[in-house]
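Reading through the structure tokens given below for one structure.
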Amino acid sequence: MLKSRILENKLSSLYKAGKIVGGVYLGRGQEAVSASLGTALIQGTDFFAPLIRDQAGRTAFGEPLIDCTRTYLGSAAGPMRGRDGNIHRGRPEMGMPAMISHLGAQVSVVAGMLFAKRLQGTLAGRVGATCVGDGATSTGAFHEGVNLAAIENLPLVIVVANNQFAYSTPNHRQFVCADLSERAAGYGIQGHSVDGTDLLESARVIRQAVELARSGAGPQMVVAQLLRLSGHGEHDDGSYVPLPVRNGHYGRDCVEVAMRQLVDHQIATVDEILAWQDQYAEEVQRAVAQAQQEPVPDPYREVWSATRTQFDTQSI
Amino acid sequence: MLKSRILENKLSSLYKAGKIVGGVYLGRGQEAVSASLGTALIQGTDFFAPLIRDQAGRTAFGEPLIDCTRTYLGSAAGPMRGRDGNIHRGRPEMGMPAMISHLGAQVSVVAGMLFAKRLQGTLAGRVGATCVGDGATSTGAFHEGVNLAAIENLPLVIVVANNQFAYSTPNHRQFVCADLSERAAGYGIQGHSVDGTDLLESARVIRQAVELARSGAGPQMVVAQLLRLSGHGEHDDGSYVPLPVRNGHYGRDCVEVAMRQLVDHQIATVDEILAWQDQYAEEVQRAVAQAQQEPVPDPYREVWSATRTQFDTQSI
Amino acid sequence: MSVTYVDAIREAQETLLREDPRVFLYGQDIANFGGAFKATKGLAEAFPNRVFDAPISEDAMIGLAVGAAIEGMRPIIEMQFADFSSIAFNQIVNQAATHFYRTGMPIPLTVRLPSGGTPGSGPFHSQSMEGIYAQYPGLIVLTPATVSDAYHMLIDGVALDDPVIFCEHKFLYRWLKAKTIHGDRLPIGQARIIRHGKHATVVAYSAMVHEAVRAADRLVQDGWEIEVVDLRSVKPLDMDTVLASVARTGRLLALGEAFPWGGVTAEVVSRVCAEGFHLLDAPPQRLNARDTPVPYHPKLWAAHRPTPESICEALRHLLSF
Amino acid sequence: MSVTYVDAIREAQETLLREDPRVFLYGQDIANFGGAFKATKGLAEAFPNRVFDAPISEDAMIGLAVGAAIEGMRPIIEMQFADFSSIAFNQIVNQAATHFYRTGMPIPLTVRLPSGGTPGSGPFHSQSMEGIYAQYPGLIVLTPATVSDAYHMLIDGVALDDPVIFCEHKFLYRWLKAKTIHGDRLPIGQARIIRHGKHATVVAYSAMVHEAVRAADRLVQDGWEIEVVDLRSVKPLDMDTVLASVARTGRLLALGEAFPWGGVTAEVVSRVCAEGFHLLDAPPQRLNARDTPVPYHPKLWAAHRPTPESICEALRHLLSF
Ligand SMILES: Cc1ncc(C[n+]2csc(CCOP(=O)(O)OP(=O)(O)O)c2C)c(N)n1
Ligand SMILES: Cc1ncc(C[n+]2csc(CCOP(=O)(O)OP(=O)(O)O)c2C)c(N)n1
Ligand SMILES: [Mg+2]
Ligand SMILES: [Mg+2]
């Protein structure tokens with residue numbers, strides 16, 4: 001999560017300097033939850049469909065930094081080759097599908113990946129996970145996807161990062177139950193609730209949910225309470241977030257909380273953390289520098305075809 | 001509900017005799033629930049969006065028999081003038097919208113009708129109600145509609161007639177929670193559960209839900225357990241319903257149960273019921289006869305326009 | 001013994017399930033019940049754990065298929081009616097259709113759409129959506145008109161690596177019969193001259209091919225020889241065959257059952273005009289359904305879609321130039 | 001002082017809220033935040049309880065609007081991006097669009113679709129869906145290209161009794177400025193000659209009108225005088241104006257930013273061919289975007305859509321016949 005924070009700080013500066021292609025949507029304040037999920041998953045076995053605030057989860061799952069910087073900086077060598085952008089990037093062949101913008105739509109896709117593994121007889125020991133925001137829970141796609149996963153009893157972990165806002169829209173215009181984890185019972189699946197600003201708690205609850213799913217207990221819904229610590233995107237100052245909310249419990253910075261937890265629990269020393277910081281900053285700098293040197297997509301060499309199949313008779 | 005049963009029996013015979021235009025979908029076994037809802041609503045004040053098995057509710061709400069027979073028998077004088085059929089019929093100007101086939105889609109429409117009344121300052125004392133089946137609860141439209149009604153705190157009553165099958169598909173391929181009323185909590189609304197084969201209980205619970213909504217307690221979800229006592233449509237023999245289910249508690253005929261209840265509670269005597277039966281049969285016969293004599297739609301006089309606006313320049 | 005169009009679709013799915021372990025079927029009421037139109041009858045028993053009843057969740061059905069395709073499967077999704085694919089619209093046009101261009105990984109899923117009008121089916125069980133889906137890059141849109149095409153094109157469509165929208169016509173399901181499903185097999189992307197003629201070309205697809213042939217038969221008595229081209233697929237469009245026919249006849253009527261604005265007939269006419277303007281001896285014409293929802297009453301329905309009468313009328317007009 | 005295209009849309013909504021108590025606005029982030037593009041800035045404060053933040057439930061947003069319209073209101077629904085209307089597709093094309101024909105009661109709702117490409121917006125924030133919606137009977141599809149049209153057509157559209165799909169172009173939002181919003185006002189259903197010429201007609205709409213004018217300007221140096229017709233609405237289509245222009249020039253290029261299969265350009269070309277074949281001195285041409293999703297990188301994006309360069313090329317080809 002620290003690496004992701006450093007990377008995202010860099011992306012933010014690059015955005016402000018006008019170096020980024022497209023928008024920048026950051027996961028500040030959501031790293032503890034996202035990294036907990038990415039860490040609990042096993043790359044090569046599990047599936048992970050990140051959403052727009054999951055840089056930390058991507059990094060923890062094993063996505064190389066260069067995939068990120070290439071996409072943001074418009075390098076043609078990035079995983080999406082300039083065809084799709086930044087937070088949409090994915091490597092479906094490596095278990096990480098490339099999201100579409102339409103919120104909620106990835107839930108059923110991950111369910112389908114797991115369903116395929118069951119048909120192929122290789123589901124055992126595998127889980128799939130996806131993240132959504134509080135806003136995405138209002139979509140029909142979310143409902144259909146969660147319910148279908150429940151019917152098929154798939155090892156799907158749905159992490160709802162309730163950052164209290166969907167763009168500018170506060171929770172009370174999105175749902176009126178007390179806690180979104182109350183939805184789980186209606187789907188006949190297990191629900192979990194956690195303070196998403198607390199790394200150790202998030203890691204524990206999310207790992208537990210992942211292991212429950214892995215052991216055959218069916219879909220798990222984890223609802224994490226937290227706050228987005230930046231605007232919706234870097235174009236937005238988030239000034240609609242009321243001061244009491246910003247200064248409230250969930251306004252605390254999960255990265256700072258985590259650092260303190262690591263030191264307090266003697267998992268790491270301050271010096272170690274500082275050394276990581278330097279190392280990550282260095283890595284980020286290298287990934288940025290490399291991507292910046294690479295060529296951008298060339299429309300004249302672009303293969304303008306949306307299908308693999310090519311027909312003799314085709315003129316469109 | 002008795003009138004509706006007699007009417008539907010007639011429709012079924014007419015279908016078998018090849019006299020009906022289009023399909024026939026009956027509410028047999030669901031009359032107690034549907035009539036309870038129709039009775040609890042006030043025509044002229046409330047809104048009612050019936051679904052495919054709500055003949056009893058329509059009749060109780062005040063829909064004239066002739067609207068029904070005209071539609072089924074293809075009279076041009078019916079409310080849909082041959083343009084749309086049978087169970088889709090509605091009179092939106094009288095608070096009864098005309099459903100589209102797509103399941104779940106009416107929930108948000110009724111919410112919108114109530115929302116309009118709030119904006120117009122005439123919401124007080126009014127409720128809107130809609131029925132859906134167990135299958136329709138799997139639609140994204142249902143989820144979005146219920147959640148939106150909850151957010152807007154509208155006086156909407158959603159009656160889920162869980163007849164254990166959606167066409168041929170049993171409940172366990174549709175949801176895996178124990179009772180669909182568990183969904184209510186996840187929307188932050190009140191849920192109610194009732195034995196839909198028991199008229200007095202259904203009437204009590206549904207009236208209570210309607211009055212709660214009317215008094216400002218927000219959306220209410222009533223889940224009624226029952227069994228469809230015919231095929232999905234009259235083209236279907238429903239042979240996929242397992243014998244133990246057919247012979248089980250919910251397989252009992254709610255009309256028979258109701259008759260017994262009326263007599264036992266001295267609400268009506270056997271003679272009175274028999275007299276009703278004769279009277280309703282007579283009414284149904286008259287409505288059928290009238291509709292059968294009326295002209296069918298004439299394509300040469302049909303106004304082939306899908307918009308009210310007519311443009312000078314329009315050639316389509 | 002004869003086979004119907006819907007038999008052919010059932011047979012194709014049986015063949016696919018037997019021969020390709022990557023194929024599975026997912027759709028409402030398709031398992032034990034065999035589907036609303038019996039297009040999967042008996043397949044659940046014959047292929048345990050390959051045929052699944054779906055919840056009423058069209059969006060998630062396609063999402064599931066996309067995910068399964070990513071992991072190497074070849075799902076076939078039955079929509080109960082084409083009209084209900086409007087619920088899955090986003091997953092089809094934005095998720096499935098864009099995936100190959102975005103990621104380089106194709107999505108070999110097939111969506112079966114029971115399409116088109118039948119008497120008494122009304123506005124929501126009658127739609128022809130081929131012209132909607134064909135507008136989106138990344139989709140292949142098939143519209144078989146014959147028993148044999150229903151069989152072979154479903155087999156060949158599932159073999160393609162890209163998402164296929166398979167528009168099967170409900171009116172043809174039981175009405176259209178053939179001696180065998182193993183008729184003339186053409187590759188996907190190739191149109192078929194279904195009836196030869198020299199005075200005008202009707203370009204049609206799906207059920208309208210048969211109405212065009214009926215109209216052509218009637219015009220024989222007036223001395224007119226009408227050529228009928230069955231497009232077979234509307235995306236890709238086989239312009240070679242269409243242009244060759246127009247070159248022979250000099251006259252074009254594009255015929256479809258969908259709503260009149262845009263769609264297949266507009267695409268055909270405008271491509272013929274762009275690529276074969278000099279071949280045309282008369283203004284190219286179109287005939288589509290009317291610009292209202294598909295009406296419920298059979299009398300209105302019959303006047304809403306093109307009929308042999310209205311096709312003859314359009315052809316006479318075309319031939320009058 | 002100048003007003004932008006998005007200002008005009010904001011102004012129109014302010015006027016509507018002020019003058020018509022039946023109007024209310026419902027959409028994501030449109031209340032206090034003023035909308036993703038600030039098209040409703042300040043309106044929630046000025047009109048308490050008339051402007052509402054919607055949950056991320058596009059299907060229910062349109063359902064709510066239909067219900068409210070049944071009860072006499074005139075809702076304006078903002079989709080955050082046109083692309084997200086794919087979620088509301090069913091409610092738009094099946095619920096709202098069919099209601100008048102089915103019941104006789106019209107549904108006066110307006111769906112605002114921030115449409116079209118901008119650099120770096122990618123496959124899901126760039127779509128042009130006018131050609132999708134226009135295929136459905138019962139919808140009116142407006143595509144304003146000027147500041148004044150953005151204002152007047154929104155006002156006039158909301159006054160119509162039928163459901164209106166209002167396609168506003170995101171690229172024009174801030175780029176397009178005018179001295180006043182009270183420019184030349186034409187009724188809905190009438191196209192506008194935006195530039196006179198005699199050698200060829202370009203029929204365009206929305207942002208492409210401006211690209212067409214640029215291309216026309218460049219061709220002046222070669223001696224070509226190109227007429228540019230702004231359709232303004234794609235359903236209805238003002239064929240009178242289009243045909244009159246083609247009658248003057250004899251040559252037609254139909255230009256659009258949407259995907260190339262079907263859509264507005266195909267409808268325009270095929271109607272001109274059916275109704276005005278004899279007017280054409282050369283094969284009518286079309287120019288659309290390419291048949292892939294809209295790419296993200298600005299370099300690819302600029303080559304995906306028509307540009308003044310590619311329009312000039314298409315016109316030179318058209319003029320070469
Ligand atoms: C179906 C759909 N509607 C609208 C949008 C536009 N949109 C993008 S992000 C966003 C807010 C998402 O809120 P939430 O799900 O809470 O995630 P967060 O941004 O808070 O992490 C919206 C409305 C979208 N992407 N998809
Ligand atoms: C979105 C959608 N998908 C599929 C259908 C086809 N269909 C019509 S009725 C039905 C079953 C409905 O089951 P349920 O909601 O339980 O109601 P019931 O028929 O049991 O009363 C189906 C699948 C439809 N009408 N709408
Ligand atoms: Mg949020
Ligand atoms: Mg049911």
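Every chain in the structure tokens has a letter given in the order shown (A, B, ...), and although residue numbers restart at 1 in each chain, ligands are simply numbered from 1 in the order shown.
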
Contacts between chain D and chain C, please, where a residue of chain C counts if it comes within 9 Å (with only C-alpha atoms); show its shortest atom pair and distance in Å to one decimal, rows by chain and ascending number, as a Markdown table.
| residue | atom | partner | partner_atom | distance |
| --- | --- | --- | --- | --- |
| C:Asp83 | CA | D:Asn94 | CA | 8.8 |
| C:Phe84 | CA | D:Asn90 | CA | 8.3 |
| C:Ser85 | CA | D:Asn90 | CA | 8.7 |
| C:Ser86 | CA | D:Asn90 | CA | 5.1 |
| C:Ile87 | CA | D:Asn90 | CA | 6.0 |
| C:Ala88 | CA | D:Ile87 | CA | 8.4 |
| C:Phe89 | CA | D:Ser86 | CA | 6.3 |
| C:Asn90 | CA | D:Ser86 | CA | 5.1 |
| C:Gln91 | CA | D:Ser86 | CA | 8.9 |
| C:Val93 | CA | D:Ser86 | CA | 8.5 |
| C:Asn94 | CA | D:Phe124 | CA | 7.6 |
| C:Ala97 | CA | D:Pro293 | CA | 8.5 |
| C:Thr98 | CA | D:Pro293 | CA | 6.1 |
| C:Tyr101 | CA | D:Thr292 | CA | 7.0 |
| C:Arg102 | CA | D:Pro293 | CA | 8.0 |
| C:Pro123 | CA | D:Thr98 | CA | 7.9 |
| C:Phe124 | CA | D:Asn94 | CA | 7.6 |
| C:Gly131 | CA | D:Gly262 | CA | 7.3 |
| C:Ile132 | CA | D:Ile132 | CA | 6.3 |
| C:Ala134 | CA | D:Trp261 | CA | 6.6 |
| C:Gln135 | CA | D:Trp261 | CA | 4.9 |
| C:Tyr136 | CA | D:Phe259 | CA | 6.8 |
| C:Pro137 | CA | D:Thr292 | CA | 5.0 |
| C:Gly138 | CA | D:Thr292 | CA | 6.8 |
| C:Lys235 | CA | D:Trp261 | CA | 8.5 |
| C:Ala258 | CA | D:Gln135 | CA | 8.9 |
| C:Phe259 | CA | D:Gln135 | CA | 6.4 |
| C:Pro260 | CA | D:Gln135 | CA | 7.2 |
| C:Trp261 | CA | D:Gln135 | CA | 4.9 |
| C:Gly262 | CA | D:Glu267 | CA | 4.9 |
| C:Gly263 | CA | D:Gly262 | CA | 5.5 |
| C:Val264 | CA | D:Gly262 | CA | 6.8 |
| C:Thr265 | CA | D:Ser270 | CA | 8.4 |
| C:Ala266 | CA | D:Ala266 | CA | 5.2 |
| C:Glu267 | CA | D:Gly262 | CA | 4.9 |
| C:Val268 | CA | D:Ala266 | CA | 8.4 |
| C:Val269 | CA | D:Ser270 | CA | 5.6 |
| C:Ser270 | CA | D:Ser270 | CA | 5.3 |
| C:Arg271 | CA | D:Ala266 | CA | 8.2 |
| C:Cys273 | CA | D:Pro283 | CA | 5.8 |
| C:Ala274 | CA | D:Pro283 | CA | 5.2 |
| C:Glu275 | CA | D:Pro283 | CA | 7.6 |
| C:Gly276 | CA | D:Pro283 | CA | 7.9 |
| C:Phe277 | CA | D:Pro283 | CA | 5.3 |
| C:His278 | CA | D:Pro283 | CA | 7.8 |
| C:Ala282 | CA | D:Phe277 | CA | 7.7 |
| C:Pro283 | CA | D:Ala274 | CA | 5.2 |
| C:Pro284 | CA | D:Ala274 | CA | 5.6 |
| C:Gln285 | CA | D:Ala274 | CA | 5.5 |
| C:Arg286 | CA | D:Ala274 | CA | 7.7 |
| C:Arg290 | CA | D:Pro137 | CA | 8.5 |
| C:Asp291 | CA | D:Pro137 | CA | 5.1 |
| C:Thr292 | CA | D:Pro137 | CA | 4.9 |
| C:Pro293 | CA | D:Thr98 | CA | 6.1 |
| C:Pro295 | CA | D:Arg102 | CA | 8.4 |

What are the closest atom pairs, with distances in Å to one decimal, for each residue of chain A lying within 6 Å of chain C, using only C-alpha atoms, rows by chain and rising residue number, as CSV?
residue,atom,partner,partner_atom,distance
A:Met80,CA,C:Thr103,CA,5.9
A:Arg83,CA,C:Arg102,CA,5.6
A:Asp84,CA,C:Arg102,CA,5.9
A:Ser108,CA,C:Gly63,CA,4.7
A:Val109,CA,C:Gly67,CA,4.3
A:Val110,CA,C:Gly67,CA,5.8
A:Ala111,CA,C:Leu64,CA,5.9
A:Gly112,CA,C:Leu64,CA,3.7
A:Met113,CA,C:Gly67,CA,4.3
A:Ala116,CA,C:Ala68,CA,4.7
A:Glu144,CA,C:Ala60,CA,5.5
A:Gly145,CA,C:Ala60,CA,5.2
A:Ala306,CA,C:Gly138,CA,4.5
A:Thr307,CA,C:Gly138,CA,5.1
A:Thr313,CA,C:Asp238,CA,5.3
A:Gln314,CA,C:Pro236,CA,5.7

- Query: Residues at most 9 Å from ligand 2, using only C-alpha atoms and all ligand atoms? Could they come as a VMD selection string?
  - Reply: (chain B and resid 25 to 27 30 51 to 53 100 to 105 132 to 141 160 to 171 174 227 to 228 232 to 233) or (chain C and resid 28 to 29 36 55 to 58 79 to 81 83 to 87 124 to 125)

- Task: Within 7 Å of B:Gly82, counting only C-alpha atoms, which residues show up once you throw out same-chain ones fewer than 4 positions away? Write them as a list of chain:residue names, please.
- Result: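 Non-adjacent residues within range: B:Gly74, B:Ser75, B:Ala76, B:Pro297, C:Pro295, C:Tyr296, C:His297.
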
- Task: Using only C-alpha atoms, select each residue of chain A with any atom at most 6 Å away from an atom of chain B, and give the selection as a list in words.
- Result: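 Listed by rising number, the hits are Gly140, Ala141, His143, Glu144, Ile151, Arg173, Phe175, Val176, Cys177, Glu182, Arg183, Gly186, Tyr187 and Gly188 of chain A.
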